[in-house]
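Structure file my_file_10.cif with mmCIF, C-alpha atoms:
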```
data_target
loop_
_atom_site.label_atom_id
_atom_site.label_comp_id
_atom_site.auth_asym_id
_atom_site.auth_seq_id
_atom_site.Cartn_x
_atom_site.Cartn_y
_atom_site.Cartn_z
CA MET K 1 -51.34 0.07 -39.94
CA PRO K 2 -50.00 1.92 -36.92
CA HIS K 3 -47.89 -0.13 -34.48
CA LEU K 4 -47.51 -3.05 -36.90
CA ASP K 5 -43.73 -2.75 -36.69
CA ALA K 6 -43.83 -2.66 -32.89
CA ALA K 7 -46.14 -5.68 -32.89
CA TYR K 8 -43.80 -7.50 -35.22
CA ARG K 9 -40.69 -6.73 -33.14
CA PHE K 10 -42.47 -7.79 -29.97
CA ALA K 11 -43.55 -11.07 -31.57
CA ARG K 12 -39.98 -11.71 -32.64
CA TRP K 13 -38.80 -11.26 -29.07
CA LEU K 14 -41.49 -13.59 -27.78
CA CYS K 15 -41.64 -16.37 -30.37
CA ARG K 16 -39.47 -18.86 -32.13
CA PRO K 17 -38.37 -17.63 -35.58
CA GLY K 18 -41.00 -19.20 -37.84
CA GLU K 19 -43.90 -18.27 -35.57
CA ALA K 20 -43.75 -14.50 -35.34
CA ASP K 21 -45.53 -13.83 -38.66
CA ASP K 22 -48.54 -15.97 -37.79
CA VAL K 23 -48.80 -14.51 -34.31
CA VAL K 24 -48.71 -10.94 -35.63
CA GLN K 25 -51.32 -11.64 -38.27
CA ASP K 26 -53.56 -13.37 -35.75
CA ALA K 27 -53.13 -10.45 -33.34
CA ILE K 28 -53.95 -7.76 -35.92
CA LEU K 29 -57.09 -9.63 -36.96
CA ARG K 30 -58.17 -10.02 -33.36
CA ALA K 31 -57.38 -6.37 -32.67
CA TYR K 32 -59.54 -5.40 -35.59
CA ARG K 33 -62.43 -7.62 -34.53
CA GLY K 34 -62.22 -6.60 -30.90
CA PHE K 35 -61.57 -3.01 -31.79
CA ASP K 36 -64.68 -1.86 -29.90
CA ALA K 37 -63.03 -3.05 -26.72
CA LEU K 38 -60.09 -0.66 -27.01
CA ARG K 39 -60.13 1.15 -23.73
CA GLY K 40 -58.34 4.38 -23.06
CA SER K 41 -55.91 5.84 -25.48
CA ASP K 42 -53.04 3.42 -25.38
CA ALA K 43 -53.42 1.59 -28.66
CA LYS K 44 -49.85 0.36 -28.74
CA ALA K 45 -49.94 -1.31 -25.32
CA TRP K 46 -53.33 -2.74 -26.19
CA LEU K 47 -52.09 -4.24 -29.46
CA LEU K 48 -48.96 -5.68 -27.83
CA THR K 49 -51.10 -7.28 -25.12
CA ILE K 50 -53.07 -9.01 -27.87
CA VAL K 51 -49.82 -10.14 -29.51
CA ARG K 52 -48.74 -11.70 -26.25
CA ASN K 53 -52.09 -13.45 -25.78
CA CYS K 54 -51.91 -14.81 -29.32
CA HIS K 55 -48.42 -16.06 -28.65
CA LEU K 56 -49.55 -17.84 -25.47
CA THR K 57 -52.52 -19.38 -27.26
CA ALA K 58 -50.32 -20.57 -30.12
CA ALA K 59 -47.79 -22.04 -27.71
CA THR K 60 -50.51 -23.91 -25.79
CA GLN K 61 -52.09 -25.27 -28.96
CA GLN K 62 -48.77 -26.40 -30.26
CA GLN K 63 -48.01 -28.19 -27.05
CA ARG K 64 -51.37 -29.92 -27.06
CA ARG K 65 -51.02 -30.97 -30.69
CA ALA K 66 -47.52 -32.32 -30.71
CA PHE K 67 -46.52 -32.84 -27.09
CA VAL K 68 -43.44 -30.87 -27.95
CA PRO K 69 -42.15 -29.34 -24.74
CA LEU K 70 -42.43 -25.56 -24.57
CA PRO K 71 -39.17 -23.74 -25.09
CA GLU K 72 -37.26 -23.47 -21.86
CA GLU K 73 -36.14 -20.06 -20.75
CA ASN K 74 -32.61 -20.65 -21.89
CA ASP K 75 -33.43 -22.37 -25.14
CA ALA K 76 -32.93 -19.17 -27.05
CA ALA K 77 -29.27 -19.23 -26.07
CA ASP K 78 -28.21 -20.10 -29.59
CA GLY K 79 -29.49 -16.69 -30.59
CA HIS K 80 -31.75 -17.74 -33.44
CA ALA K 81 -34.71 -15.76 -32.15
CA MET K 82 -33.15 -12.40 -32.82
CA ILE K 83 -31.37 -13.06 -36.08
CA ALA K 84 -33.10 -11.92 -39.26
CA ASN K 85 -35.18 -14.53 -41.04
CA ASP K 86 -33.76 -13.81 -44.45
CA ALA K 87 -30.42 -15.53 -44.52
CA ASN K 88 -29.02 -13.08 -47.01
CA PRO K 89 -25.21 -13.27 -46.88
CA GLU K 90 -24.92 -9.73 -48.16
CA SER K 91 -26.96 -8.21 -45.34
CA GLU K 92 -25.14 -10.48 -42.91
CA THR K 93 -21.87 -8.78 -43.70
CA ILE K 94 -23.38 -5.34 -43.45
CA ILE K 95 -24.55 -5.90 -39.90
CA SER K 96 -21.56 -5.18 -37.78
CA ASP K 97 -20.13 -7.82 -35.52
CA GLN K 98 -21.13 -5.82 -32.48
CA LYS K 99 -24.74 -5.72 -33.56
CA ARG K 100 -24.79 -9.43 -34.06
CA VAL K 101 -23.20 -10.03 -30.70
CA LEU K 102 -25.78 -7.75 -29.10
CA ASP K 103 -28.64 -9.56 -30.80
CA ARG K 104 -27.25 -12.84 -29.55
CA LEU K 105 -26.77 -11.57 -26.01
CA VAL K 106 -30.30 -10.20 -25.87
CA ALA K 107 -31.63 -13.48 -27.26
CA SER K 108 -29.80 -15.37 -24.53
CA LEU K 109 -31.77 -13.58 -21.79
CA PRO K 110 -34.78 -15.45 -20.42
CA GLU K 111 -37.90 -14.55 -22.40
CA GLU K 112 -39.62 -12.71 -19.54
CA HIS K 113 -36.54 -10.58 -18.94
CA ARG K 114 -35.90 -9.93 -22.61
CA THR K 115 -39.41 -8.70 -23.36
CA VAL K 116 -39.49 -6.31 -20.40
CA LEU K 117 -36.09 -4.89 -21.36
CA MET K 118 -37.05 -4.44 -25.02
CA LEU K 119 -40.40 -2.84 -24.20
CA ARG K 120 -38.60 -0.33 -22.00
CA GLU K 121 -35.50 0.45 -24.04
CA ILE K 122 -36.64 -0.04 -27.63
CA GLU K 123 -40.40 0.61 -27.52
CA GLU K 124 -39.89 3.21 -24.77
CA MET K 125 -42.95 2.16 -22.80
CA ASP K 126 -43.40 3.14 -19.17
CA TYR K 127 -43.70 0.72 -16.25
CA ALA K 128 -47.49 0.77 -16.19
CA GLN K 129 -47.70 -0.03 -19.90
CA ILE K 130 -45.15 -2.84 -19.60
CA ALA K 131 -47.04 -4.24 -16.61
CA ALA K 132 -50.23 -4.24 -18.67
CA VAL K 133 -48.64 -5.89 -21.70
CA THR K 134 -46.79 -8.59 -19.78
CA ASN K 135 -49.55 -9.07 -17.20
CA VAL K 136 -47.37 -8.80 -14.10
CA PRO K 137 -47.35 -6.27 -11.23
CA ILE K 138 -45.28 -3.12 -11.61
CA GLY K 139 -42.92 -4.32 -8.87
CA THR K 140 -42.16 -7.39 -10.96
CA VAL K 141 -41.54 -5.22 -14.01
CA MET K 142 -39.04 -3.24 -11.96
CA SER K 143 -37.16 -6.25 -10.65
CA ARG K 144 -37.11 -7.96 -14.05
CA LEU K 145 -35.80 -4.79 -15.64
CA ALA K 146 -33.07 -4.51 -13.03
CA ARG K 147 -32.04 -8.12 -13.48
CA SER K 148 -32.05 -8.08 -17.26
CA ARG K 149 -30.06 -4.85 -17.38
CA ALA K 150 -27.47 -6.19 -14.98
CA ALA K 151 -27.22 -9.47 -16.88
CA LEU K 152 -26.88 -7.76 -20.24
CA LYS K 153 -24.24 -5.40 -18.91
CA ALA K 154 -22.20 -8.27 -17.51
CA LYS K 155 -22.45 -10.26 -20.74
CA TRP K 156 -21.62 -7.21 -22.82
CA LEU K 157 -18.53 -6.36 -20.77
CA GLN K 158 -17.36 -9.93 -21.01
CA GLU K 159 -17.90 -10.38 -24.75
CA VAL K 160 -17.30 -7.02 -26.32
CA GLU K 161 -15.18 -4.90 -24.08
CA GLY K 162 -13.03 -7.79 -22.97
CA GLU K 163 -13.50 -7.25 -19.28
CA PRO K 164 -14.02 -10.65 -17.77
CA ARG K 165 -14.45 -9.33 -14.25
CA ALA K 166 -18.02 -8.84 -13.24
CA VAL K 167 -17.39 -5.89 -10.96
CA ARG K 168 -15.48 -2.83 -11.95
CA MET S 1 -22.70 -4.48 -3.41
CA GLN S 2 -26.25 -3.51 -4.31
CA CYS S 3 -27.86 -0.66 -2.42
CA ALA S 4 -31.42 -1.07 -1.08
CA GLU S 5 -32.33 2.02 -3.08
CA SER S 6 -31.33 0.47 -6.42
CA LEU S 7 -34.88 -0.05 -7.68
CA ARG S 8 -35.76 3.54 -6.85
CA VAL S 9 -32.63 4.73 -8.61
CA GLN S 10 -33.66 2.70 -11.61
CA ALA S 11 -37.15 4.21 -11.46
CA TYR S 12 -35.52 7.65 -11.34
CA PHE S 13 -33.43 6.77 -14.40
CA ASP S 14 -36.61 5.65 -16.20
CA ARG S 15 -38.35 8.92 -15.24
CA GLU S 16 -40.95 7.08 -13.19
CA VAL S 17 -40.67 9.20 -10.05
CA ASP S 18 -42.13 12.57 -9.18
CA ALA S 19 -40.03 15.66 -8.58
CA VAL S 20 -39.88 15.25 -4.80
CA SER S 21 -38.62 11.67 -5.00
CA ALA S 22 -36.24 12.64 -7.79
CA ALA S 23 -34.66 15.26 -5.55
CA GLU S 24 -34.37 12.71 -2.73
CA ILE S 25 -32.75 10.18 -5.00
CA GLU S 26 -30.32 12.75 -6.38
CA ARG S 27 -29.27 13.53 -2.82
CA HIS S 28 -28.87 9.84 -2.12
CA VAL S 29 -26.77 9.23 -5.24
CA GLU S 30 -24.39 12.00 -4.20
CA HIS S 31 -23.12 9.95 -1.31
CA CYS S 32 -23.76 6.40 -2.54
CA SER S 33 -21.08 5.16 -4.89
CA ALA S 34 -22.94 1.92 -5.68
CA CYS S 35 -25.91 3.92 -6.97
CA ARG S 36 -23.68 6.30 -8.91
CA GLU S 37 -22.17 3.31 -10.64
CA LEU S 38 -25.63 1.85 -11.21
CA LEU S 39 -26.73 5.03 -12.99
CA GLN S 40 -23.69 4.85 -15.27
CA ASP S 41 -24.43 1.20 -16.03
CA LEU S 42 -28.07 1.93 -16.82
CA GLU S 43 -26.99 4.69 -19.19
CA LYS S 44 -24.45 2.38 -20.79
CA VAL S 45 -26.92 -0.46 -21.35
CA ARG S 46 -29.45 1.97 -22.80
CA SER S 47 -27.02 3.55 -25.25
CA VAL S 48 -25.69 0.15 -26.35
CA LEU S 49 -29.22 -1.16 -26.91
CA ARG S 50 -30.59 1.92 -28.61
CA SER S 51 -27.65 2.29 -30.96
CA GLY S 52 -27.05 -1.38 -31.55
CA MET S 53 -30.31 -3.31 -31.68
CA SER S 54 -31.73 -3.96 -35.08
CA TYR S 55 -35.09 -2.24 -35.28
CA ALA S 56 -36.78 -4.90 -37.34
CA ALA S 57 -39.75 -3.62 -39.34
CA ALA S 58 -42.54 -5.91 -40.43
CA PRO S 59 -41.56 -7.40 -43.81
CA PRO S 60 -43.63 -6.06 -46.74
CA ALA S 61 -44.85 -9.57 -47.55
CA LEU S 62 -46.32 -9.94 -44.05
CA ARG S 63 -47.93 -6.53 -44.30
CA ALA S 64 -49.56 -7.45 -47.62
CA GLN S 65 -50.71 -10.77 -46.24
CA ILE S 66 -52.36 -9.07 -43.26
CA VAL S 67 -54.13 -6.53 -45.45
CA GLN S 68 -55.49 -9.40 -47.51
CA ALA S 69 -56.60 -11.31 -44.42
CA LEU S 70 -58.36 -8.19 -43.14
CA ASP S 71 -60.24 -7.82 -46.39
CA GLN S 72 -61.32 -11.45 -46.21
CA ASP S 73 -62.36 -10.97 -42.60
CA THR S 74 -64.48 -7.96 -43.56
CA ARG S 75 -66.18 -9.87 -46.37
CA ASP S 76 -66.95 -12.74 -43.99
CA GLN S 77 -68.48 -10.37 -41.48
CA LEU S 78 -70.59 -8.68 -44.11
CA SER S 79 -71.94 -11.99 -45.39
CA ASP S 80 -72.58 -13.04 -41.80
CA ALA S 81 -74.60 -9.90 -41.34
CA ALA S 82 -76.49 -10.56 -44.57
CA THR S 83 -77.41 -14.13 -43.60
CA GLY S 84 -78.43 -12.98 -40.15
CA ASN S 85 -76.45 -15.55 -38.21
CA GLU S 86 -75.23 -15.35 -34.67
CA THR S 87 -72.48 -12.83 -35.18
CA ALA S 88 -74.93 -10.43 -36.69
CA LYS S 89 -77.27 -10.71 -33.75
CA ILE S 90 -74.53 -9.92 -31.31
CA ALA S 91 -72.92 -7.09 -33.15
CA THR S 92 -75.24 -5.57 -35.68
CA PRO S 93 -74.07 -1.98 -35.32
CA ARG S 94 -70.51 -3.06 -35.81
CA ASN S 95 -71.22 -5.05 -38.91
CA LEU S 96 -72.98 -2.13 -40.50
CA ARG S 97 -69.85 -0.11 -40.00
CA SER S 98 -67.34 -2.79 -40.74
CA THR S 99 -66.55 -1.76 -44.30
CA ARG S 100 -65.74 1.68 -43.10
CA GLN S 101 -63.74 0.28 -40.22
CA ALA S 102 -61.66 -1.90 -42.49
CA ARG S 103 -60.78 1.13 -44.56
CA VAL S 104 -60.08 3.29 -41.55
CA PHE S 105 -58.00 0.58 -39.91
CA ARG S 106 -55.43 0.64 -42.67
CA GLY S 107 -55.20 4.41 -42.75
CA SER S 108 -53.61 6.57 -40.15
CA GLY S 109 -57.04 7.51 -38.87
CA PHE S 110 -57.71 4.06 -37.48
CA TRP S 111 -56.79 4.65 -33.89
CA ALA S 112 -58.36 8.08 -33.92
CA GLY S 113 -61.47 6.37 -35.20
CA ALA S 114 -61.33 4.06 -32.24
CA PHE S 115 -62.33 6.97 -30.04
CA SER S 116 -64.78 8.79 -32.24
CA GLY S 117 -66.41 5.96 -34.14
CA ILE S 118 -67.38 3.49 -31.44
CA GLY S 119 -70.95 3.06 -30.37
CA GLY S 120 -71.28 4.14 -26.75
CA ALA S 121 -73.16 1.00 -25.87
CA ALA S 122 -70.34 -1.24 -27.03
CA VAL S 123 -67.82 0.67 -24.98
CA ALA S 124 -70.07 0.59 -21.96
CA ALA S 125 -70.56 -3.14 -22.36
CA ALA S 126 -66.84 -3.77 -22.70
CA ILE S 127 -66.07 -1.64 -19.68
CA ALA S 128 -68.85 -3.29 -17.69
CA VAL S 129 -67.47 -6.75 -18.41
CA PHE S 130 -64.02 -5.58 -17.51
CA LEU S 131 -65.16 -4.07 -14.24
CA VAL S 132 -67.72 -6.62 -13.16
CA LEU S 133 -65.84 -9.85 -13.72
CA PRO S 134 -62.94 -9.27 -11.37
CA SER S 135 -65.12 -7.78 -8.67
CA LEU S 136 -65.99 -11.06 -6.96
CA SER S 137 -64.11 -9.81 -3.95
CA PRO S 138 -64.28 -6.07 -4.40
CA LEU S 139 -62.45 -5.11 -1.26
CA SER S 140 -59.28 -7.09 -2.07
CA ASN S 141 -59.25 -5.70 -5.58
CA GLU S 142 -59.82 -2.21 -4.28
CA ILE S 143 -56.82 -2.57 -2.00
CA VAL S 144 -54.59 -4.05 -4.69
CA SER S 145 -55.55 -1.20 -7.01
CA ALA S 146 -54.75 1.33 -4.32
CA HIS S 147 -51.44 -0.41 -3.65
CA VAL S 148 -50.47 -0.40 -7.34
CA ARG S 149 -51.59 3.21 -7.68
CA SER S 150 -49.40 4.11 -4.72
CA LEU S 151 -46.35 2.75 -6.54
CA MET S 152 -46.88 5.21 -9.37
CA PRO S 153 -45.11 8.55 -9.32
CA ALA S 154 -46.32 11.05 -6.73
CA HIS S 155 -48.79 8.68 -5.09
CA LEU S 156 -46.82 6.73 -2.52
CA ILE S 157 -46.54 9.14 0.35
CA ASP S 158 -48.34 12.26 1.50
CA VAL S 159 -46.29 12.75 4.63
CA VAL S 160 -42.66 11.72 4.29
CA SER S 161 -41.17 10.80 7.60
CA THR S 162 -39.33 8.06 9.36
CA ASP S 163 -40.61 9.39 12.68
CA LYS S 164 -43.80 7.88 14.07
CA HIS S 165 -44.46 11.06 16.03
CA THR S 166 -44.78 12.89 12.73
CA VAL S 167 -46.76 10.28 10.85
CA LYS S 168 -49.35 9.43 13.48
CA PRO S 169 -50.60 12.95 14.25
CA TRP S 170 -50.75 13.68 10.54
CA PHE S 171 -53.53 11.10 10.17
CA ALA S 172 -55.70 12.97 12.68
CA GLY S 173 -56.62 15.55 10.07
CA HIS S 174 -56.55 13.30 7.04
CA ALA S 175 -58.17 9.98 7.87
CA ASP S 176 -61.01 8.48 9.90
CA VAL S 177 -58.84 6.16 11.97
CA SER S 178 -55.62 6.40 13.93
CA PRO S 179 -53.61 3.25 13.26
CA ALA S 180 -50.57 1.80 14.97
CA VAL S 181 -47.45 3.45 13.58
CA ALA S 182 -43.95 2.37 14.49
CA ASP S 183 -40.55 2.11 12.89
CA TYR S 184 -39.06 -1.37 12.77
CA GLU S 185 -35.86 -0.45 11.00
CA ALA S 186 -33.90 -2.83 13.21
CA GLN S 187 -36.09 -5.70 12.03
CA GLY S 188 -35.79 -4.61 8.40
CA TYR S 189 -39.05 -2.72 8.05
CA ARG S 190 -38.31 0.94 7.63
CA LEU S 191 -41.12 3.43 8.17
CA ILE S 192 -41.07 5.79 5.21
CA GLY S 193 -44.30 7.71 5.57
CA GLY S 194 -48.06 7.82 5.46
CA ARG S 195 -50.85 8.51 3.07
CA ALA S 196 -54.61 8.96 3.07
CA ASP S 197 -56.55 6.76 0.68
CA TYR S 198 -60.19 5.89 0.10
CA ILE S 199 -61.06 2.27 0.92
CA ASP S 200 -64.38 0.67 1.81
CA HIS S 201 -66.13 4.07 1.55
CA GLN S 202 -63.93 5.62 4.21
CA ARG S 203 -60.88 7.79 4.45
CA SER S 204 -58.32 5.14 5.14
CA ALA S 205 -54.96 5.76 6.79
CA VAL S 206 -52.09 4.06 5.00
CA VAL S 207 -48.73 3.55 6.69
CA VAL S 208 -45.92 2.90 4.24
CA TYR S 209 -42.96 0.68 5.07
CA GLN S 210 -39.98 -0.34 3.03
CA HIS S 211 -38.52 -3.82 3.25
CA GLY S 212 -35.45 -4.27 1.08
CA ALA S 213 -36.50 -3.00 -2.31
CA HIS S 214 -40.19 -3.65 -1.65
CA VAL S 215 -42.88 -1.26 -0.50
CA ILE S 216 -45.42 -2.53 2.01
CA ASN S 217 -48.62 -0.53 2.36
CA VAL S 218 -50.59 -1.06 5.56
CA PHE S 219 -54.17 0.09 4.98
CA THR S 220 -56.36 0.77 8.00
CA TRP S 221 -59.99 1.69 8.28
CA ALA S 222 -62.82 1.40 10.80
CA ALA S 223 -63.94 -2.22 11.01
CA SER S 224 -67.51 -2.60 9.84
CA GLY S 225 -68.34 -5.28 12.42
CA ALA S 226 -67.94 -8.12 9.97
CA ARG S 227 -65.16 -10.63 10.41
CA SER S 228 -61.77 -9.89 8.94
CA PRO S 229 -61.46 -11.11 5.32
CA ARG S 230 -59.20 -14.09 4.72
CA ASP S 231 -55.60 -13.53 3.63
CA THR S 232 -55.37 -13.74 -0.11
CA THR S 233 -53.16 -13.17 -3.14
CA ARG S 234 -54.27 -10.98 -6.01
CA SER S 235 -52.31 -10.26 -9.20
CA GLY S 236 -49.14 -11.34 -7.45
CA TYR S 237 -49.70 -9.18 -4.37
CA HIS S 238 -50.20 -10.75 -0.96
CA LEU S 239 -52.88 -9.28 1.29
CA ALA S 240 -52.85 -9.99 5.02
CA PHE S 241 -55.93 -8.91 6.99
CA TRP S 242 -56.40 -8.56 10.72
CA GLN S 243 -58.44 -6.55 13.19
CA GLN S 244 -57.28 -4.82 16.29
CA GLY S 245 -59.84 -3.10 18.46
CA ASP S 246 -62.23 -1.51 16.04
CA ILE S 247 -59.64 -1.01 13.33
CA GLN S 248 -59.34 -3.22 10.27
CA TYR S 249 -55.79 -3.64 8.97
CA CYS S 250 -54.62 -4.91 5.62
CA ALA S 251 -50.93 -5.20 4.72
CA VAL S 252 -50.17 -5.47 1.00
CA SER S 253 -46.96 -6.12 -0.84
CA ASP S 254 -45.23 -8.14 -3.50
CA THR S 255 -42.73 -9.45 -0.95
CA GLY S 256 -42.99 -13.09 0.07
CA TRP S 257 -45.57 -14.15 2.65
CA ASP S 258 -42.89 -14.62 5.30
CA GLU S 259 -41.59 -11.07 4.95
CA LEU S 260 -45.11 -9.66 4.95
CA MET S 261 -46.19 -11.69 7.99
CA GLY S 262 -43.02 -10.54 9.79
CA LEU S 263 -44.31 -6.99 9.72
CA VAL S 264 -47.85 -8.11 10.58
CA ARG S 265 -46.54 -9.87 13.69
CA LEU S 266 -44.58 -6.79 14.78
CA LEU S 267 -47.63 -4.56 14.34
CA ARG S 268 -49.93 -6.94 16.21
CA GLU S 269 -47.50 -7.19 19.11
CA GLN S 270 -47.17 -3.45 19.28
CA SER S 271 -50.63 -2.53 20.44
#
```
Encoding of this model in structure tokens:
Amino acid sequence: MPHLDAAYRFARWLCRPGEADDVVQDAILRAYRGFDALRGSDAKAWLLTIVRNCHLTAATQQQRRAFVPLPEENDAADGHAMIANDANPESETIISDQKRVLDRLVASLPEEHRTVLMLREIEEMDYAQIAAVTNVPIGTVMSRLARSRAALKAKWLQEVEGEPRAVR
Amino acid sequence: MQCAESLRVQAYFDREVDAVSAAEIERHVEHCSACRELLQDLEKVRSVLRSGMSYAAAPPALRAQIVQALDQDTRDQLSDAATGNETAKIATPRNLRSTRQARVFRGSGFWAGAFSGIGGAAVAAAIAVFLVLPSLSPLSNEIVSAHVRSLMPAHLIDVVSTDKHTVKPWFAGHADVSPAVADYEAQGYRLIGGRADYIDHQRSAVVVYQHGAHVINVFTWAASGARSPRDTTRSGYHLAFWQQGDIQYCAVSDTGWDELMGLVRLLREQS
């Protein structure tokens, strides 16, 4: 299944930990059913758009069912969203401290900033693709990218390279 | 201190600009220390992320579960087709092919199959729905599309100039109207150039301004006699319409309304 890994990563960036699997499965099934509607050649962006829609649907349904408030932007600050589901102590030690710090810092970004940053830097999508997947204008993609990069840089300098000053 | 060019520098870093803009930005970076530092930071963040983020792959258990669900889904569709229920009526050709599709989907040929294996009618229908639904106000959508297109590499500007005496005559040979062109740098709206575009079945003249990090496109075309459309917001872009003489204007941007209307006021006062 091409792009399954990308879909899975994207869902992990969007969702709370236990929800990513269901969202990905739902998205792949919908992609398969709606496969006639694939327009153009960009299957990856198309699949990720479906992942995002499934995530939004799931979040709405959950809210309606339980009246549990939706996660606030900063709720991910404890970093759980990015940490591997399998709490295997062995693999924990293998992951270097820096990687764990990075995962935590990325998780602490607001969701809309985190997803844009990850789509650009990890999935290597261009602005138009990111705009399509996240359903915002290209100008918004650009400003979110700028903000998330600046925020991540500041956090990284502070935590890892021990430079508390924001400006060099 | 952030430079007004920072978003363009970022776009340059992300390889989203054409060669001409890239050369311009390189010249700018030579004498702008803030932007030089920005480029270093962008490079730093990228290398930290690309070397440090865990590239999670879908767990094998999830993969297996999805394959199973797809099989189930295929069986359901086939039995739907056999019993002739609603799904079958809507999508008979698809159901006939669904076994093959399920197999193809899991193989590497799936996405290739998406292009070769689809019935033309289904594609046409999907495209028709996609095109027809949002076209309730075609003109606004046309303008937003043109605005978005203009933000892509190599589309923003045909004539690069901050001089109205260069931009205005250029339109004479390239568009059907001759709009008001002026530089309001002092008020924060810098004239950066002009472009010809095709709006409302005419060659439209587009004057491009920059306000902070935002681009404002002012589309102009011969008014068709009808009243000016109402100001509106589409996909996050504000559109302000007005007429002056026999020319229809529309200013588009993702700035706030106040910033956009500031330019509109200046342009209306001008002529």
Practice task
Up to 8 Å from chain S, what residues of chain K turn up? Count all atoms listed in the file and give them as a ChimeraX atom specification.
Solution key: /K:1-2,4-6,8-9,21,25,28-29,32,35-39,41,43,98-99,102-103,121-122,126-127,136-139,142-143,146,149,152-153
Practice task
One decimal, Å: what's the distance from atom CA of S:Ala186 over to atom CA of S:Arg36, could you say?
Solution key: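 That distance, rounded to one decimal, is 26.0 Å.
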Handout entry: Computed interatomic separation between atom CA of S:Val181 and atom CA of S:Leu267 (Å)
Key =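 Those two atoms sit 8.0 Å apart.
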Handout entry: Residue list as a ChimeraX atom specification for point (-27.7, -9.2, -15.5), cut-off 12 Å, all atoms listed in the file
Key = /K:105-106,108-110,113-114,117,143-158,166-167 /S:41-42,45
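Here the PyMOL selection byres ((chain K and resi 128-134) around 9) matches the residues Asp42, Ala45, Trp46, Leu47, Leu48, Thr49, Ile50, Val51, Arg52, Glu112, Thr115, Val116, Leu119, Arg120, Met125, Asp126, Tyr127, Asn135, Val136, Pro137, Ile138, Gly139, Thr140 and Val141 of chain K; Met152 of chain S.
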Exercise for the section: Can you work out the spacing between atom CA of S:Leu239 and atom CA of S:Tyr12 in Å, to one decimal? Expected result: 27.3 Å
Practice task
List the neighbours of S:Ala175 out to 8 Å using only C-alpha atoms; skip same-chain residues closer than 5 positions along the sequence, and give me the result as a list in words.
Solution key: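 The neighbour list is Ala196, Arg203, Ser204 and Ala205 of chain S.
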Exercise for the section: Would you kindly return, as an MDAnalysis selection string, each protein, DNA or RNA residue with an atom no farther than 12 Å from any atom of S:Val252, considering all atoms listed in the file and excluding same-chain residues fewer than 3 positions away? Expected result: chainID S and resid 140:148 150:151 206:211 214:220 231:242 249 255:257 259:261 263:264
Within 6 Å of (-46.3, 5.7, 15.7), in the coordinates the file gives, what residues turn up when you count only C-alpha atoms, written out as a compact mmCIF listing (two decimals) with C-alpha atoms, in the coordinates of the input?
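Result went into part00.txt, see below:
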```
# COMPACT_ATOMS: atom_id res chain seq x y z
CA LYS S 164 -43.80 7.88 14.07
CA HIS S 165 -44.46 11.06 16.03
CA LYS S 168 -49.35 9.43 13.48
CA ALA S 180 -50.57 1.80 14.97
CA VAL S 181 -47.45 3.45 13.58
CA ALA S 182 -43.95 2.37 14.49
```
Practice task
Convert the output of the PyMOL selection byres ((chain S and resi 227) around 12) on the shown file into explicit residues, formatted as a list in words.
Solution key: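 Written out, the selection comes to Ala223, Ser224, Gly225, Ala226, Ser228, Pro229, Arg230, Phe241, Trp242, Gln243, Gln244, Asp246, Ile247, Gln248 and Tyr249 of chain S.
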Practice task
List the residues selected by the PyMOL selection byres ((chain S and resi 194) around 7) in the file shown, writing them as a count of residues only.
Solution key: 10
Exercise on stretch 64-74 of chain S, axis-aligned box with 3 Å per side, report centre and edge lengths in Å to one decimal, as JSON:
```
{"center_x": -57.0, "center_y": -9.0, "center_z": -45.1, "size_x": 20.9, "size_y": 10.9, "size_z": 11.0}
```
